[in-house]
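S.K.: Provided below: final-v4.pdb, containing PDB, C-alpha atoms.
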```pdb
ATOM      1  CA  MET A   1       1.716 -30.920 -37.314  1.00  0.00           C
ATOM      2  CA  LEU A   2       3.436 -32.486 -34.326  1.00  0.00           C
ATOM      3  CA  PHE A   3       1.330 -34.390 -31.819  1.00  0.00           C
ATOM      4  CA  ASN A   4       2.046 -34.823 -28.136  1.00  0.00           C
ATOM      5  CA  VAL A   5       1.303 -38.520 -27.807  1.00  0.00           C
ATOM      6  CA  ASP A   6       0.764 -38.183 -24.050  1.00  0.00           C
ATOM      7  CA  ASN A   7      -2.205 -35.896 -24.780  1.00  0.00           C
ATOM      8  CA  CYS A   8      -3.731 -38.229 -27.380  1.00  0.00           C
ATOM      9  CA  LYS A   9      -6.366 -40.745 -26.334  1.00  0.00           C
ATOM     10  CA  THR A  10      -8.511 -43.396 -27.986  1.00  0.00           C
ATOM     11  CA  LEU A  11     -12.181 -43.816 -27.076  1.00  0.00           C
ATOM     12  CA  HIS A  12     -13.761 -46.932 -28.595  1.00  0.00           C
ATOM     13  CA  VAL A  13     -17.519 -46.742 -29.177  1.00  0.00           C
ATOM     14  CA  GLY A  14     -19.960 -49.552 -29.994  1.00  0.00           C
ATOM     15  CA  HIS A  15     -20.535 -53.101 -28.769  1.00  0.00           C
ATOM     16  CA  ASN A  16     -18.780 -54.702 -31.735  1.00  0.00           C
ATOM     17  CA  ASN A  17     -15.829 -52.348 -31.811  1.00  0.00           C
ATOM     18  CA  PRO A  18     -12.629 -54.429 -32.132  1.00  0.00           C
ATOM     19  CA  ARG A  19     -10.802 -51.919 -29.868  1.00  0.00           C
ATOM     20  CA  HIS A  20      -7.617 -51.770 -31.896  1.00  0.00           C
ATOM     21  CA  ASN A  21      -4.484 -50.248 -30.468  1.00  0.00           C
ATOM     22  CA  TYR A  22      -3.244 -47.187 -32.319  1.00  0.00           C
ATOM     23  CA  GLN A  23       0.269 -45.836 -32.406  1.00  0.00           C
ATOM     24  CA  ILE A  24       1.893 -42.482 -33.106  1.00  0.00           C
ATOM     25  CA  ASN A  25       5.644 -42.528 -33.693  1.00  0.00           C
ATOM     26  CA  ASN A  26       5.697 -46.130 -32.466  1.00  0.00           C
ATOM     27  CA  ILE A  27       4.107 -45.079 -29.166  1.00  0.00           C
ATOM     28  CA  THR A  28       0.783 -46.724 -28.276  1.00  0.00           C
ATOM     29  CA  VAL A  29      -2.040 -44.229 -27.741  1.00  0.00           C
ATOM     30  CA  GLN A  30      -3.740 -44.483 -24.359  1.00  0.00           C
ATOM     31  CA  GLN A  31      -7.214 -46.084 -24.353  1.00  0.00           C
ATOM     32  CA  ILE A  32      -9.930 -44.511 -22.215  1.00  0.00           C
ATOM     33  CA  ASP A  33     -13.591 -45.252 -21.418  1.00  0.00           C
ATOM     34  CA  GLU A  34     -14.703 -41.656 -20.865  1.00  0.00           C
ATOM     35  CA  GLU A  35     -13.743 -38.217 -22.148  1.00  0.00           C
ATOM     36  CA  GLN A  36     -15.059 -34.711 -21.595  1.00  0.00           C
ATOM     37  CA  ASP A  37     -15.506 -32.441 -24.602  1.00  0.00           C
ATOM     38  CA  LEU A  38     -16.751 -28.866 -24.191  1.00  0.00           C
ATOM     39  CA  GLY A  39     -18.138 -29.767 -20.777  1.00  0.00           C
ATOM     40  CA  VAL A  40     -20.022 -32.878 -21.935  1.00  0.00           C
ATOM     41  CA  LYS A  41     -18.921 -36.280 -20.661  1.00  0.00           C
ATOM     42  CA  ILE A  42     -18.756 -38.901 -23.424  1.00  0.00           C
ATOM     43  CA  HIS A  43     -18.791 -42.504 -22.226  1.00  0.00           C
ATOM     44  CA  HIS A  44     -18.037 -45.532 -24.388  1.00  0.00           C
ATOM     45  CA  PRO A  45     -21.553 -47.124 -24.053  1.00  0.00           C
ATOM     46  CA  MET A  46     -22.882 -43.721 -25.251  1.00  0.00           C
ATOM     47  CA  LYS A  47     -25.106 -43.397 -22.185  1.00  0.00           C
ATOM     48  CA  VAL A  48     -25.506 -40.118 -20.318  1.00  0.00           C
ATOM     49  CA  ALA A  49     -25.521 -41.296 -16.699  1.00  0.00           C
ATOM     50  CA  GLN A  50     -22.079 -39.769 -16.037  1.00  0.00           C
ATOM     51  CA  GLN A  51     -23.138 -36.420 -17.494  1.00  0.00           C
ATOM     52  CA  VAL A  52     -26.367 -36.469 -15.479  1.00  0.00           C
ATOM     53  CA  GLY A  53     -24.478 -37.286 -12.301  1.00  0.00           C
ATOM     54  CA  ALA A  54     -22.047 -34.408 -12.819  1.00  0.00           C
ATOM     55  CA  ALA A  55     -24.861 -31.961 -13.629  1.00  0.00           C
ATOM     56  CA  VAL A  56     -26.879 -33.005 -10.575  1.00  0.00           C
ATOM     57  CA  LYS A  57     -23.847 -32.707  -8.278  1.00  0.00           C
ATOM     58  CA  GLN A  58     -22.978 -29.194  -9.465  1.00  0.00           C
ATOM     59  CA  ALA A  59     -26.612 -28.056  -9.386  1.00  0.00           C
ATOM     60  CA  ASN A  60     -27.146 -29.380  -5.850  1.00  0.00           C
ATOM     61  CA  GLN A  61     -24.006 -27.669  -4.592  1.00  0.00           C
ATOM     62  CA  LEU A  62     -25.206 -24.311  -5.868  1.00  0.00           C
ATOM     63  CA  LEU A  63     -28.697 -24.991  -4.570  1.00  0.00           C
ATOM     64  CA  GLY A  64     -27.290 -25.569  -1.103  1.00  0.00           C
ATOM     65  CA  ILE A  65     -25.544 -22.195  -1.224  1.00  0.00           C
ATOM     66  CA  LEU A  66     -28.723 -20.545  -2.485  1.00  0.00           C
ATOM     67  CA  LYS A  67     -30.760 -22.046   0.352  1.00  0.00           C
ATOM     68  CA  CYS A  68     -28.434 -20.549   2.974  1.00  0.00           C
ATOM     69  CA  THR A  69     -27.938 -17.108   1.466  1.00  0.00           C
ATOM     70  CA  CYS A  70     -31.322 -16.009   0.124  1.00  0.00           C
ATOM     71  CA  ASP A  71     -34.605 -15.476   1.973  1.00  0.00           C
ATOM     72  CA  TYR A  72     -37.049 -14.129  -0.617  1.00  0.00           C
ATOM     73  CA  LYS A  73     -39.110 -16.331  -2.887  1.00  0.00           C
ATOM     74  CA  GLU A  74     -38.706 -14.149  -5.986  1.00  0.00           C
ATOM     75  CA  LYS A  75     -34.932 -13.999  -5.592  1.00  0.00           C
ATOM     76  CA  LYS A  76     -34.658 -17.741  -5.018  1.00  0.00           C
ATOM     77  CA  VAL A  77     -36.611 -18.480  -8.193  1.00  0.00           C
ATOM     78  CA  GLN A  78     -34.573 -16.041 -10.284  1.00  0.00           C
ATOM     79  CA  LEU A  79     -31.268 -17.265  -8.879  1.00  0.00           C
ATOM     80  CA  TYR A  80     -32.311 -20.865  -9.487  1.00  0.00           C
ATOM     81  CA  LYS A  81     -33.070 -20.025 -13.125  1.00  0.00           C
ATOM     82  CA  SER A  82     -29.823 -18.143 -13.703  1.00  0.00           C
ATOM     83  CA  LEU A  83     -27.345 -20.132 -11.575  1.00  0.00           C
ATOM     84  CA  VAL A  84     -28.643 -23.668 -10.997  1.00  0.00           C
ATOM     85  CA  ARG A  85     -30.808 -24.686 -13.949  1.00  0.00           C
ATOM     86  CA  PRO A  86     -28.132 -23.956 -16.612  1.00  0.00           C
ATOM     87  CA  TYR A  87     -26.158 -26.945 -15.334  1.00  0.00           C
ATOM     88  CA  MET A  88     -29.133 -29.157 -16.208  1.00  0.00           C
ATOM     89  CA  ASP A  89     -29.734 -27.460 -19.571  1.00  0.00           C
ATOM     90  CA  TYR A  90     -26.179 -27.133 -20.860  1.00  0.00           C
ATOM     91  CA  CYS A  91     -25.750 -28.869 -24.252  1.00  0.00           C
ATOM     92  CA  ILE A  92     -28.937 -30.853 -23.581  1.00  0.00           C
ATOM     93  CA  HIS A  93     -29.310 -31.469 -27.322  1.00  0.00           C
ATOM     94  CA  GLU A  94     -26.182 -33.622 -27.203  1.00  0.00           C
ATOM     95  CA  TRP A  95     -26.977 -35.652 -24.090  1.00  0.00           C
ATOM     96  CA  ARG A  96     -30.705 -35.987 -24.491  1.00  0.00           C
ATOM     97  CA  LEU A  97     -32.227 -37.912 -21.594  1.00  0.00           C
ATOM     98  CA  HIS A  98     -33.469 -41.392 -22.392  1.00  0.00           C
ATOM     99  CA  PHE A  99     -33.808 -43.393 -19.178  1.00  0.00           C
ATOM    100  CA  GLN A 100     -36.394 -42.561 -16.529  1.00  0.00           C
ATOM    101  CA  LYS A 101     -33.763 -42.747 -13.780  1.00  0.00           C
ATOM    102  CA  ASP A 102     -31.809 -39.935 -15.467  1.00  0.00           C
ATOM    103  CA  ILE A 103     -34.939 -37.843 -15.993  1.00  0.00           C
ATOM    104  CA  ALA A 104     -35.918 -38.357 -12.342  1.00  0.00           C
ATOM    105  CA  ALA A 105     -32.423 -37.445 -11.102  1.00  0.00           C
ATOM    106  CA  LEU A 106     -32.524 -34.045 -12.816  1.00  0.00           C
ATOM    107  CA  GLU A 107     -36.147 -33.382 -11.864  1.00  0.00           C
ATOM    108  CA  LYS A 108     -35.309 -34.091  -8.230  1.00  0.00           C
ATOM    109  CA  VAL A 109     -33.028 -31.028  -8.230  1.00  0.00           C
ATOM    110  CA  GLN A 110     -35.885 -28.774  -9.333  1.00  0.00           C
ATOM    111  CA  HIS A 111     -38.182 -30.505  -6.844  1.00  0.00           C
ATOM    112  CA  ARG A 112     -35.729 -29.550  -4.106  1.00  0.00           C
ATOM    113  CA  ALA A 113     -35.341 -26.008  -5.492  1.00  0.00           C
ATOM    114  CA  THR A 114     -39.064 -25.312  -5.135  1.00  0.00           C
ATOM    115  CA  LYS A 115     -39.241 -27.087  -1.783  1.00  0.00           C
ATOM    116  CA  ILE A 116     -36.742 -24.732  -0.112  1.00  0.00           C
ATOM    117  CA  ILE A 117     -39.105 -21.788  -0.597  1.00  0.00           C
ATOM    118  CA  PRO A 118     -40.901 -21.641   2.809  1.00  0.00           C
ATOM    119  CA  GLU A 119     -44.114 -20.186   1.377  1.00  0.00           C
ATOM    120  CA  LEU A 120     -44.446 -23.112  -1.039  1.00  0.00           C
ATOM    121  CA  SER A 121     -42.954 -26.040   0.867  1.00  0.00           C
ATOM    122  CA  HIS A 122     -46.369 -27.359   1.955  1.00  0.00           C
ATOM    123  CA  LEU A 123     -47.745 -27.453  -1.610  1.00  0.00           C
ATOM    124  CA  PRO A 124     -47.609 -30.422  -4.015  1.00  0.00           C
ATOM    125  CA  TYR A 125     -44.832 -30.244  -6.614  1.00  0.00           C
ATOM    126  CA  GLN A 126     -47.147 -29.394  -9.504  1.00  0.00           C
ATOM    127  CA  GLU A 127     -48.626 -26.504  -7.534  1.00  0.00           C
ATOM    128  CA  ARG A 128     -45.141 -25.229  -6.706  1.00  0.00           C
ATOM    129  CA  LEU A 129     -44.257 -25.283 -10.401  1.00  0.00           C
ATOM    130  CA  LYS A 130     -47.424 -23.391 -11.302  1.00  0.00           C
ATOM    131  CA  THR A 131     -46.796 -20.733  -8.653  1.00  0.00           C
ATOM    132  CA  THR A 132     -43.173 -20.177  -9.694  1.00  0.00           C
ATOM    133  CA  GLY A 133     -43.887 -20.353 -13.434  1.00  0.00           C
ATOM    134  CA  LEU A 134     -41.507 -23.281 -13.927  1.00  0.00           C
ATOM    135  CA  LEU A 135     -41.938 -26.252 -16.260  1.00  0.00           C
ATOM    136  CA  ILE A 136     -40.963 -29.827 -15.547  1.00  0.00           C
ATOM    137  CA  LEU A 137     -37.504 -30.265 -17.021  1.00  0.00           C
ATOM    138  CA  LYS A 138     -38.544 -32.917 -19.567  1.00  0.00           C
ATOM    139  CA  THR A 139     -41.096 -30.527 -21.081  1.00  0.00           C
ATOM    140  CA  ARG A 140     -38.525 -27.731 -21.094  1.00  0.00           C
ATOM    141  CA  HIS A 141     -35.940 -29.944 -22.777  1.00  0.00           C
ATOM    142  CA  ASP A 142     -38.409 -31.294 -25.352  1.00  0.00           C
ATOM    143  CA  ARG A 143     -39.237 -27.719 -26.307  1.00  0.00           C
ATOM    144  CA  ALA A 144     -35.524 -26.931 -26.594  1.00  0.00           C
ATOM    145  CA  TYR A 145     -34.998 -29.869 -28.976  1.00  0.00           C
ATOM    146  CA  LEU A 146     -37.872 -28.762 -31.208  1.00  0.00           C
ATOM    147  CA  THR A 147     -36.698 -25.146 -31.154  1.00  0.00           C
ATOM    148  CA  GLU A 148     -33.202 -26.186 -32.214  1.00  0.00           C
ATOM    149  CA  THR A 149     -34.654 -28.318 -35.021  1.00  0.00           C
ATOM    150  CA  PHE A 150     -36.751 -25.356 -36.199  1.00  0.00           C
ATOM    151  CA  LYS A 151     -33.667 -23.112 -36.246  1.00  0.00           C
ATOM    152  CA  ILE A 152     -31.610 -25.645 -38.223  1.00  0.00           C
ATOM    153  CA  LEU A 153     -34.324 -26.340 -40.788  1.00  0.00           C
ATOM    154  CA  ASN A 154     -35.013 -22.635 -41.302  1.00  0.00           C
ATOM    155  CA  LYS A 155     -31.285 -21.826 -41.477  1.00  0.00           C
ATOM    156  CA  PHE A 156     -31.423 -19.401 -38.573  1.00  0.00           C
ATOM    157  CA  GLU A 157     -28.071 -20.927 -37.611  1.00  0.00           C
ATOM    158  CA  ASP A 158     -25.045 -21.444 -39.812  1.00  0.00           C
ATOM    159  CA  VAL A 159     -25.670 -25.182 -40.095  1.00  0.00           C
ATOM    160  CA  ASP A 160     -26.523 -27.192 -43.206  1.00  0.00           C
ATOM    161  CA  PRO A 161     -29.820 -28.977 -42.382  1.00  0.00           C
ATOM    162  CA  ASP A 162     -29.010 -31.747 -44.884  1.00  0.00           C
ATOM    163  CA  ILE A 163     -26.196 -32.865 -42.596  1.00  0.00           C
ATOM    164  CA  PHE A 164     -28.719 -33.758 -39.886  1.00  0.00           C
ATOM    165  CA  PHE A 165     -32.106 -34.257 -41.513  1.00  0.00           C
ATOM    166  CA  SER A 166     -33.767 -35.505 -44.670  1.00  0.00           C
ATOM    167  CA  SER A 167     -37.288 -34.270 -45.348  1.00  0.00           C
ATOM    168  CA  ASP A 168     -40.219 -35.634 -47.305  1.00  0.00           C
ATOM    169  CA  VAL A 169     -42.696 -32.877 -48.145  1.00  0.00           C
ATOM    170  CA  THR A 170     -45.091 -35.342 -49.817  1.00  0.00           C
ATOM    171  CA  GLN A 171     -46.028 -36.903 -46.486  1.00  0.00           C
ATOM    172  CA  THR A 172     -48.877 -34.786 -45.122  1.00  0.00           C
ATOM    173  CA  TRP A 173     -50.615 -37.099 -42.657  1.00  0.00           C
ATOM    174  CA  SER A 174     -48.958 -35.225 -39.773  1.00  0.00           C
ATOM    175  CA  ASN A 175     -47.626 -32.014 -41.261  1.00  0.00           C
ATOM    176  CA  GLY A 176     -46.297 -30.934 -44.630  1.00  0.00           C
ATOM    177  CA  PHE A 177     -42.665 -31.037 -43.573  1.00  0.00           C
ATOM    178  CA  LYS A 178     -42.203 -34.559 -42.318  1.00  0.00           C
ATOM    179  CA  LEU A 179     -38.646 -35.599 -41.457  1.00  0.00           C
ATOM    180  CA  ASN A 180     -37.424 -39.074 -42.312  1.00  0.00           C
ATOM    181  CA  GLN A 181     -36.038 -41.269 -39.566  1.00  0.00           C
ATOM    182  CA  PRO A 182     -32.412 -42.194 -40.386  1.00  0.00           C
ATOM    183  CA  GLN A 183     -30.978 -45.641 -39.874  1.00  0.00           C
ATOM    184  CA  SER A 184     -29.249 -46.000 -36.553  1.00  0.00           C
ATOM    185  CA  ARG A 185     -27.418 -48.557 -34.503  1.00  0.00           C
ATOM    186  CA  THR A 186     -28.963 -49.320 -31.104  1.00  0.00           C
ATOM    187  CA  GLU A 187     -26.330 -47.451 -29.098  1.00  0.00           C
ATOM    188  CA  ASN A 188     -27.001 -44.207 -31.018  1.00  0.00           C
ATOM    189  CA  ARG A 189     -30.788 -44.033 -30.792  1.00  0.00           C
ATOM    190  CA  CYS A 190     -30.871 -41.826 -27.734  1.00  0.00           C
ATOM    191  CA  PHE A 191     -29.226 -38.897 -29.537  1.00  0.00           C
ATOM    192  CA  TYR A 192     -30.970 -35.655 -30.400  1.00  0.00           C
ATOM    193  CA  ILE A 193     -31.231 -36.213 -34.156  1.00  0.00           C
ATOM    194  CA  HIS A 194     -32.950 -39.576 -33.798  1.00  0.00           C
ATOM    195  CA  ARG A 195     -35.172 -38.746 -30.848  1.00  0.00           C
ATOM    196  CA  VAL A 196     -36.529 -35.374 -32.012  1.00  0.00           C
ATOM    197  CA  ILE A 197     -37.918 -36.534 -35.352  1.00  0.00           C
ATOM    198  CA  ASN A 198     -41.095 -38.221 -34.060  1.00  0.00           C
ATOM    199  CA  SER A 199     -41.935 -35.179 -31.925  1.00  0.00           C
ATOM    200  CA  TRP A 200     -41.345 -32.857 -34.888  1.00  0.00           C
ATOM    201  CA  ASN A 201     -43.554 -34.930 -37.191  1.00  0.00           C
ATOM    202  CA  ARG A 202     -46.442 -34.662 -34.708  1.00  0.00           C
ATOM    203  CA  LEU A 203     -46.401 -30.851 -34.724  1.00  0.00           C
ATOM    204  CA  PRO A 204     -49.258 -29.047 -36.517  1.00  0.00           C
ATOM    205  CA  ASP A 205     -48.661 -27.263 -39.815  1.00  0.00           C
ATOM    206  CA  GLU A 206     -48.844 -23.802 -38.248  1.00  0.00           C
ATOM    207  CA  ALA A 207     -45.903 -24.662 -35.982  1.00  0.00           C
ATOM    208  CA  VAL A 208     -43.531 -26.041 -38.616  1.00  0.00           C
ATOM    209  CA  THR A 209     -44.369 -23.337 -41.176  1.00  0.00           C
ATOM    210  CA  SER A 210     -43.955 -20.450 -38.760  1.00  0.00           C
ATOM    211  CA  LYS A 211     -41.435 -17.741 -39.716  1.00  0.00           C
ATOM    212  CA  THR A 212     -40.210 -17.120 -36.183  1.00  0.00           C
ATOM    213  CA  VAL A 213     -39.455 -19.120 -33.044  1.00  0.00           C
ATOM    214  CA  LEU A 214     -41.743 -16.819 -31.035  1.00  0.00           C
ATOM    215  CA  SER A 215     -44.909 -17.591 -33.029  1.00  0.00           C
TER     216      SER A 215
END
```
Step by step, read the file and then write its structure as structure tokens.
M.R.:
Amino acid sequence: MLFNVDNCKTLHVGHNNPRHNYQINNITVQQIDEEQDLGVKIHHPMKVAQQVGAAVKQANQLLGILKCTCDYKEKKVQLYKSLVRPYMDYCIHEWRLHFQKDIAALEKVQHRATKIIPELSHLPYQERLKTTGLLILKTRHDRAYLTETFKILNKFEDVDPDIFFSSDVTQTWSNGFKLNQPQSRTENRCFYIHRVINSWNRLPDEAVTSKTVLS
């Protein structure tokens, strides 16, 4: 297979990475600090601030359009769910939020979305969420991580669970399907696989042994 060297890039990851130069056909491959793959921005420190910033910018732009073009509460809520929130949910398993500043930046978008509804603008944020039936985004994302873990472990998706998880069914102090925490370097600990395990191990038996996501 022939490679177009101009389209090839090297992204070095890790604090101790020696950052070698690589060559194809005696041409040095360009080094970069950030790349976008399937809509997710990957940065060399493996932090998600760039992805959060892009998601917030796109969501706020659509929210501004929604504010000017829609007058009814029910329509604003439905349009927010279908047009704005997906930018903050897209591939969230891969860029799981770790820092409070990133969590707050995304939540601020939803705060604004509920604030632009005239009938609710005078209410506290938690009351606006209750009235619209929305969850805070961290709770929504945590549920998404656990749901994805459930699907992988129960082979509802065409993914080998052994690639991601190792289980220990003899540990029953939390539930009968405890997942083992893998070894990880510091820069990788914010990823989905490493962050979801503690939450999964705290679930009750009836949750992890369920036969369907809807139970």
S.K.: Report as an mmCIF file with C-alpha atoms, in the coordinates of the input the residues that result from applying the PyMOL selection byres ((chain A and resi 36) around 12) to the structure here.
M.R.:
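Output saved as part.cif:
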```
data_model
loop_
_atom_site.group_PDB
_atom_site.id
_atom_site.type_symbol
_atom_site.label_atom_id
_atom_site.label_comp_id
_atom_site.auth_asym_id
_atom_site.auth_seq_id
_atom_site.Cartn_x
_atom_site.Cartn_y
_atom_site.Cartn_z
ATOM 1 C CA LYS A 9 -6.366 -40.745 -26.334
ATOM 2 C CA LEU A 11 -12.181 -43.816 -27.076
ATOM 3 C CA ILE A 32 -9.930 -44.511 -22.215
ATOM 4 C CA ASP A 33 -13.591 -45.252 -21.418
ATOM 5 C CA GLU A 34 -14.703 -41.656 -20.865
ATOM 6 C CA GLU A 35 -13.743 -38.217 -22.148
ATOM 7 C CA ASP A 37 -15.506 -32.441 -24.602
ATOM 8 C CA LEU A 38 -16.751 -28.866 -24.191
ATOM 9 C CA GLY A 39 -18.138 -29.767 -20.777
ATOM 10 C CA VAL A 40 -20.022 -32.878 -21.935
ATOM 11 C CA LYS A 41 -18.921 -36.280 -20.661
ATOM 12 C CA ILE A 42 -18.756 -38.901 -23.424
ATOM 13 C CA HIS A 43 -18.791 -42.504 -22.226
ATOM 14 C CA HIS A 44 -18.037 -45.532 -24.388
ATOM 15 C CA VAL A 48 -25.506 -40.118 -20.318
ATOM 16 C CA GLN A 50 -22.079 -39.769 -16.037
ATOM 17 C CA GLN A 51 -23.138 -36.420 -17.494
ATOM 18 C CA ALA A 54 -22.047 -34.408 -12.819
#
```
S.K.: Would you mind telling me which residue in A:Gly53, A:Pro118, A:Cys8, A:Arg19 lies nearest to Lys101 (chain A) when using all atoms listed in the file?
M.R.: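 With all atoms listed in the file as the atom set, the closest residue is A:Gly53.
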S.K.: Quick one: what's the axis-aligned box for region 129-134 of chain A, all listed atoms, 6 Å on every side, centre and edges in Å to one decimal, as JSON?
M.R.:
```
{"center_x": -44.5, "center_y": -22.7, "center_z": -11.3, "size_x": 17.9, "size_y": 17.1, "size_z": 17.3}
```
S.K.: For a quick check of understanding, using only C-alpha atoms, which of A:Thr132, A:Asn154, A:Ile117, A:Lys211 has the smallest distance to Cys68 (chain A)?
M.R.: A:Ile117
S.K.: Could you check how far CA of Ser166 (chain A) sits from CA of Arg195 (chain A), in Å to one decimal?
M.R.: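 Computing the Euclidean distance for CA of Ser166 (chain A) and CA of Arg195 (chain A) yields 14.3 Å.
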S.K.: Applying the PyMOL selection byres ((chain A and resi 212) around 12) to the file I just gave you, which residues come out? Please list them as a list in words.
M.R.: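 The output of the PyMOL selection byres ((chain A and resi 212) around 12) on this file is Thr147, Phe150, Lys151, Leu153, Asn154, Lys155, Phe156, Glu206, Ala207, Val208, Thr209, Ser210, Lys211, Val213, Leu214 and Ser215 of chain A.
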S.K.: Written as a list in words, what is the full residue list that the PyMOL selection byres ((chain A and resi 142) around 12) yields on the file shown?
M.R.: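 The output of the PyMOL selection byres ((chain A and resi 142) around 12) on this file is Asp89, Ile92, His93, Arg96, Leu97, His98, Ile103, Leu135, Ile136, Leu137, Lys138, Thr139, Arg140, His141, Arg143, Ala144, Tyr145, Leu146, Thr147, Glu148, Thr149, Tyr192, Arg195, Val196, Ile197, Asn198, Ser199 and Trp200 of chain A.
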S.K.: Any idea what's packed within 9 Å of Tyr125 (chain A), counting all atoms listed in the file, ignoring anything in its chain fewer than 2 positions away? Could you give it as a ChimeraX atom specification?
M.R.: /A:111,114-115,121,123,127-130
S.K.: Compile the contact shell of region 106-110 of chain A as an MDAnalysis selection string: residues with an atom at most 7 Å away, counting only C-alpha atoms, same-chain residues fewer than 5 positions apart removed.
M.R.: chainID A and resid 56 60 88 137
S.K.: Determine the nearest neighbour of Leu83 (chain A) from the options A:Cys70, A:Ile193, A:Leu203, A:Leu62, counting all atoms listed in the file.
M.R.: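 Of A:Cys70, A:Ile193, A:Leu203, A:Leu62, the one nearest Leu83 (chain A), counting all atoms listed in the file, is A:Leu62.
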S.K.: What gap, in Å, lies between CA of Ala55 (chain A) and CA of His12 (chain A)?
M.R.: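 Those two atoms sit 23.9 Å apart.
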S.K.: Find the spatial neighbours of Leu79 (chain A), counting only C-alpha atoms, within a cut-off of 10 Å - ignore same-chain residues fewer than 5 positions away - and output them as JSON, numbers by chain.
M.R.: {"A": [62, 63, 66, 70, 73, 74, 84, 85]}
S.K.: So what do you get for CA of Thr131 (chain A) versus CA of Ala105 (chain A), distance-wise?
M.R.: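 Calculated distance between CA of Thr131 (chain A) and CA of Ala105 (chain A) is 22.2 Å.
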S.K.: Which residue gives the smallest distance to Met46 (chain A) among A:Gly133, A:Gly64, A:Gly14, A:Pro86, with only C-alpha atoms counted?
M.R.: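 Once distances to Met46 (chain A) are computed over only C-alpha atoms, the minimum belongs to A:Gly14.
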S.K.: Please determine, counting all atoms listed in the file, which residue among A:Trp95, A:Asp158, A:Ile163, A:Tyr80 has the shortest atom-to-atom distance to Gln61 (chain A).
M.R.: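 Residue with the minimum atom-to-atom distance to Gln61 (chain A): A:Tyr80.
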S.K.: With N, CA and C atoms as the atom set, please write region 53-65 of chain A from the structure just given, as a PDB file, in the first residue's frame.
M.R.:
```pdb
ATOM      1  N   GLY A  53     -14.187  22.349  24.800  1.00  0.00           N
ATOM      2  CA  GLY A  53     -14.319  23.672  24.225  1.00  0.00           C
ATOM      3  C   GLY A  53     -15.049  23.661  22.889  1.00  0.00           C
ATOM      4  N   ALA A  54     -14.729  22.679  22.053  1.00  0.00           N
ATOM      5  CA  ALA A  54     -15.392  22.572  20.747  1.00  0.00           C
ATOM      6  C   ALA A  54     -16.863  22.228  20.912  1.00  0.00           C
ATOM      7  N   ALA A  55     -17.164  21.302  21.841  1.00  0.00           N
ATOM      8  CA  ALA A  55     -18.557  20.901  22.072  1.00  0.00           C
ATOM      9  C   ALA A  55     -19.382  22.067  22.605  1.00  0.00           C
ATOM     10  N   VAL A  56     -18.810  22.811  23.548  1.00  0.00           N
ATOM     11  CA  VAL A  56     -19.514  23.957  24.129  1.00  0.00           C
ATOM     12  C   VAL A  56     -19.762  25.032  23.072  1.00  0.00           C
ATOM     13  N   LYS A  57     -18.781  25.291  22.226  1.00  0.00           N
ATOM     14  CA  LYS A  57     -18.937  26.313  21.184  1.00  0.00           C
ATOM     15  C   LYS A  57     -20.054  25.947  20.213  1.00  0.00           C
ATOM     16  N   GLN A  58     -20.072  24.696  19.750  1.00  0.00           N
ATOM     17  CA  GLN A  58     -21.105  24.274  18.806  1.00  0.00           C
ATOM     18  C   GLN A  58     -22.482  24.273  19.451  1.00  0.00           C
ATOM     19  N   ALA A  59     -22.547  23.803  20.714  1.00  0.00           N
ATOM     20  CA  ALA A  59     -23.826  23.752  21.419  1.00  0.00           C
ATOM     21  C   ALA A  59     -24.375  25.157  21.655  1.00  0.00           C
ATOM     22  N   ASN A  60     -23.513  26.091  22.031  1.00  0.00           N
ATOM     23  CA  ASN A  60     -23.969  27.464  22.285  1.00  0.00           C
ATOM     24  C   ASN A  60     -24.433  28.156  21.007  1.00  0.00           C
ATOM     25  N   GLN A  61     -23.787  27.853  19.894  1.00  0.00           N
ATOM     26  CA  GLN A  61     -24.224  28.443  18.632  1.00  0.00           C
ATOM     27  C   GLN A  61     -25.635  27.994  18.276  1.00  0.00           C
ATOM     28  N   LEU A  62     -25.897  26.699  18.421  1.00  0.00           N
ATOM     29  CA  LEU A  62     -27.236  26.200  18.139  1.00  0.00           C
ATOM     30  C   LEU A  62     -28.250  26.717  19.145  1.00  0.00           C
ATOM     31  N   LEU A  63     -27.818  26.856  20.392  1.00  0.00           N
ATOM     32  CA  LEU A  63     -28.718  27.358  21.426  1.00  0.00           C
ATOM     33  C   LEU A  63     -29.126  28.794  21.138  1.00  0.00           C
ATOM     34  N   GLY A  64     -28.193  29.580  20.610  1.00  0.00           N
ATOM     35  CA  GLY A  64     -28.523  30.950  20.242  1.00  0.00           C
ATOM     36  C   GLY A  64     -29.573  31.006  19.141  1.00  0.00           C
ATOM     37  N   ILE A  65     -29.448  30.113  18.161  1.00  0.00           N
ATOM     38  CA  ILE A  65     -30.449  30.039  17.093  1.00  0.00           C
ATOM     39  C   ILE A  65     -31.793  29.612  17.658  1.00  0.00           C
TER      40      ILE A  65
END
```
